[in-house]
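Novice: First, the structure itself, so that you have it in front of you.
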Amino acid sequence: MSFAAPWAWLWVLALLPVLILHFLRKKERDWPVSALFLWEGVRPDRPRFVERLRARLDLLLLLQALAVILSALALSRPEREIVRPAGPTLLVLDASASMAAEGMREKVLARAKDVLEKSTGPWAAVLWAEPPSLLFPSTADRELALSQLGRYAPRLTPRPELHRALALLPEPWPRVVVITDNPRGITGAEVVVIPRPENLGITAFSVRPSPDGVRYEAFLCVVNATSAYKDIQIRVISEAGEFWASRLVPPGEAEEVVLVLPGARAGAFVAELRPTDSFPWDNVRYFVLGGNEVATTWLGPEDRYLWAALRAGVSAYRVPENPDLFVAVSTNLPGDPPGPCLLVAAGCPGAAILGEAEPGPLSAASTSFLENLSLRDWRIGRVYRQEVPPGAQVLLWAGEIPILFLWESPSGRRAAFAVDLRRTNLPLLPDFPILIRNLLGWLLPQRPGRNVVVGEAVELPPGFSVVTELGAIQDLWVPEKPGIFRIETPRGPQWLAVNVPWETVEPEAPLVAEVPKPLPAKASVPLWPWATIAFLFVLGVEALLFFRRGG
């Protein structure tokens with residue numbers, strides 16, 4: 001221990017007037033008694049000097065003396081020398097999505113403050129997330145740096161390459177300290193690893209339509225990053241309803257789950273895990289399929305029942321050219337349409353109408369296209385003999401006449417329904433929109449839509465806008481939270497799925513290499529604040545005792 005102002009110890013001499021005043025106040029007092037004859041036979045016994053001195057010393061004097069000594073200690077400004085890392089220190093604080101777990105922010109701040117307290121400075125800090133940002137520039141003021149650390153807040157974005165965060169302060173830093181929960185790929189820096197809390201999460205989620213287009217298959221991968229077995233409840237939500245599954249997952253293991261989702265054509269799906277945990281963001285994942293809005297070119301006479309069935313299956317709308325789907329009704333097309341085509345009592349090259357015929361008993365192939373249809377309720381008055389292309393899949397016959405078949409031509413997929421709808425009861429049955437929806441699922445297989453992560457910039461073409469809580473946004477949009485968002489387009493609405501980064505549940509990686517420790521330097525820690533606090537405390541106790549004795 002050293003003293004910045006050792007001459008201040010002269011203040012200890014103030015003990016002399018304190019002692020003098022105390023002993024001058026302590027005088028022997030006369031006490032009246034009822035009779036002196038009681039004391040005549042008692043031999044006078046004067047106390048010794050030490051006993052008289054002890055009688056005059058009391059707690060009040062000791063407290064006063066201690067207050068003088070502590071005040072002298074505080075005025076002398078004592079310091080204690082310690083060894084700290086020398087040189088400028090750059091703090092890199094991981095602020096990516098995984099750091100948003102409950103309790104992680106407090107742990108990061110505690111480690112960062114510990115680094116500041118135990119280094120000589122100057123210091124600077126950057127946030128390591130997408131996009132990286134400067135928390136505070138280089139400063140030698142320790143108190144300012146500590147106060148600026150309070151602005152640290154994790155985001156739900158991924159973390160970029162480390163060199164992008166370091167580029168915010170390109171000057172050389174002898175010491176770089178990275179505080180993170182995953183040191184994967186970090187080289188040339190000191191790493192302070194924050195242990196991750198136990199977590200359940202979804203590491204993969206995707207949905208695809210079945211080949212026949214009448215149902216969906218959801219694929220999930222769930223991980224149990226805890227120390228105990230977990231009975232995980234899985235729920236997948238679509239426009240057709242909710243679907244549940246349960247899995248018992250061992251600690252530290254992952255489980256792959258496949259769910260079959262029957263129901264109507266859907267564009268958006270949500271997967272959820274239960275129970276929730278300290279990081280709920282990866283317990284919910286979102287996925288969208290494209291192609292739910294179908295531009296249609298109509299060829300032939302109008303049929304409002306068929307159009308209503310199309311609108312029930314997809315969000316169909318009419319366009320004069322460049323459609324997603326051609327619909328031909330009661331006509332022979334001279335050419336092959338360049339894209340998927342639904343033929344209803346219509347023909348095309350390779351599948352021409354050959355004439356009318358009387359229908360026989362209906363019979364169906366074993367296929368999911370005709371599931372949930374009651375063929376016994378169908379009443380068909382007239383069918384067409386139609387050329388069946390080679391390799392076509394026949395789904396339905398009227399006697400020996402194929403009336404429903406599918407095939408793939410060089411120009412696209414084709415579905416032919418060789419029935420005159422005006423001579424049937426199909427438009428009045430609930431089977432009709434189901435049949436049309438199933439055919440559309442095969443003609444227009446859905447592909448994955450746009451799926452991005454939080455913080456990933458989305459460029460919107462002219463005329464497109466995304467609907468958010470803050471209103472419609474155009475041109476460029478950077479999502480700040482996960483969810484399913486609606487995008488308005490000139491051709492109708494679309495959906496966009498936004499998730500937290502998938503690497504939030506990656507296992508912790510070991511350190512890549514050891515980093516040399518910085519050179520130590522001696523630093524002085526002031527002790528006078530503690531001496532001042534002790535002085536004020538003793539002074540308060542002395543005043544309290546003085547007033548309790550009557551002043």
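By convention in this document, the chains of the structure tokens carry letters A, B, ... by their order, each chain's residues are numbered from 1, and ligands are numbered from 1 in the order they are shown.
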Quick one: residues within 12 Å of segment 358-367 of chain A, only C-alpha atoms counted, chain neighbours fewer than 3 positions away excluded, as a VMD selection string?
Specialist: chain A and resid 211 to 214 355 370 to 385 393 to 405 418 to 420 423 to 424 438
Novice: Convert the current residue selection to file output with C-alpha atoms, as a PDB file, in the first residue's frame.
Specialist:
```pdb
ATOM      1  CA  PRO A 211     -46.823 -35.918 -55.721  1.00  0.00           C
ATOM      2  CA  ASP A 212     -50.583 -36.136 -56.284  1.00  0.00           C
ATOM      3  CA  GLY A 213     -51.074 -32.653 -54.790  1.00  0.00           C
ATOM      4  CA  VAL A 214     -53.825 -33.640 -52.336  1.00  0.00           C
ATOM      5  CA  GLY A 355     -67.134 -37.793 -80.365  1.00  0.00           C
ATOM      6  CA  LEU A 370     -60.532 -39.550 -55.804  1.00  0.00           C
ATOM      7  CA  GLU A 371     -60.368 -39.922 -52.017  1.00  0.00           C
ATOM      8  CA  ASN A 372     -63.348 -38.535 -50.101  1.00  0.00           C
ATOM      9  CA  LEU A 373     -65.494 -38.535 -53.283  1.00  0.00           C
ATOM     10  CA  SER A 374     -68.840 -40.374 -53.417  1.00  0.00           C
ATOM     11  CA  LEU A 375     -69.024 -41.631 -57.017  1.00  0.00           C
ATOM     12  CA  ARG A 376     -72.364 -43.325 -56.371  1.00  0.00           C
ATOM     13  CA  ASP A 377     -73.970 -39.873 -56.113  1.00  0.00           C
ATOM     14  CA  TRP A 378     -72.722 -38.788 -59.550  1.00  0.00           C
ATOM     15  CA  ARG A 379     -75.238 -38.519 -62.355  1.00  0.00           C
ATOM     16  CA  ILE A 380     -73.614 -38.202 -65.793  1.00  0.00           C
ATOM     17  CA  GLY A 381     -75.777 -37.855 -68.898  1.00  0.00           C
ATOM     18  CA  ARG A 382     -73.156 -37.594 -71.677  1.00  0.00           C
ATOM     19  CA  VAL A 383     -69.398 -38.209 -71.977  1.00  0.00           C
ATOM     20  CA  TYR A 384     -66.852 -37.762 -74.760  1.00  0.00           C
ATOM     21  CA  ARG A 385     -64.575 -40.248 -76.401  1.00  0.00           C
ATOM     22  CA  GLN A 393     -52.661 -42.144 -65.997  1.00  0.00           C
ATOM     23  CA  VAL A 394     -56.371 -42.957 -66.224  1.00  0.00           C
ATOM     24  CA  LEU A 395     -58.218 -42.230 -62.986  1.00  0.00           C
ATOM     25  CA  LEU A 396     -61.890 -42.748 -63.930  1.00  0.00           C
ATOM     26  CA  TRP A 397     -63.881 -44.718 -66.502  1.00  0.00           C
ATOM     27  CA  ALA A 398     -67.510 -44.557 -67.561  1.00  0.00           C
ATOM     28  CA  GLY A 399     -67.901 -48.162 -68.665  1.00  0.00           C
ATOM     29  CA  GLU A 400     -64.908 -48.672 -70.994  1.00  0.00           C
ATOM     30  CA  ILE A 401     -64.488 -44.971 -71.798  1.00  0.00           C
ATOM     31  CA  PRO A 402     -61.716 -43.083 -69.957  1.00  0.00           C
ATOM     32  CA  ILE A 403     -63.219 -39.812 -68.737  1.00  0.00           C
ATOM     33  CA  LEU A 404     -60.498 -38.561 -66.363  1.00  0.00           C
ATOM     34  CA  PHE A 405     -56.776 -38.921 -67.086  1.00  0.00           C
ATOM     35  CA  ALA A 418     -64.181 -35.728 -70.722  1.00  0.00           C
ATOM     36  CA  VAL A 419     -67.601 -34.894 -69.310  1.00  0.00           C
ATOM     37  CA  ASP A 420     -70.140 -32.259 -70.345  1.00  0.00           C
ATOM     38  CA  ARG A 423     -75.440 -32.734 -68.396  1.00  0.00           C
ATOM     39  CA  THR A 424     -74.320 -33.803 -64.899  1.00  0.00           C
ATOM     40  CA  ASN A 438     -57.007 -32.253 -56.267  1.00  0.00           C
TER      41      ASN A 438
END
```
Novice: Considering only helix (DSSP H, G or I) as DSSP defines it on the backbone, what residues of segment 175-378 of chain A qualify? List them as a list in words.
Specialist: Pro280, Trp281, Asp282, Asn283, Arg304, Tyr305, Leu306, Trp307, Ala308, Ala309, Leu310, Arg311, Ala312, Gly313, Ser368, Phe369, Leu370, Leu375, Arg376 and Asp377 of chain A
Novice: Quick one: residues within 6 Å of Arg155 of chain A, only C-alpha atoms counted, chain neighbours fewer than 3 positions away excluded, as a JSON list (two decimals) with N, CA and C atoms, in the first residue's frame?
Specialist:
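Result written to part_26.json:
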```json
[["chain", "number", "residue", "atom", "x", "y", "z"],
["A", 95, "ALA", "N", -24.05, -10.18, -29.94],
["A", 95, "ALA", "CA", -25.43, -9.73, -29.75],
["A", 95, "ALA", "C", -26.37, -10.44, -30.72],
["A", 96, "SER", "N", -25.97, -11.64, -31.18],
["A", 96, "SER", "CA", -26.81, -12.38, -32.12],
["A", 96, "SER", "C", -27.97, -13.04, -31.40],
["A", 97, "ALA", "N", -28.79, -13.79, -32.15],
["A", 97, "ALA", "CA", -30.07, -14.27, -31.64],
["A", 97, "ALA", "C", -29.92, -15.17, -30.42]]
```
Novice: Which residue, A:Leu19, A:Ala167, A:Val327, A:Ala392, has the smallest gap to Leu90 of chain A when you use only C-alpha atoms?
Specialist: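 Among A:Leu19, A:Ala167, A:Val327, A:Ala392, it is A:Ala167 that comes nearest to Leu90 of chain A.
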Novice: Determine the nearest neighbour of Ile232 of chain A from the options A:Trp442, A:Trp128, A:Trp281, A:Trp244, counting only C-alpha atoms.
Specialist: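 Result for the nearest residue to Ile232 of chain A: A:Trp244.
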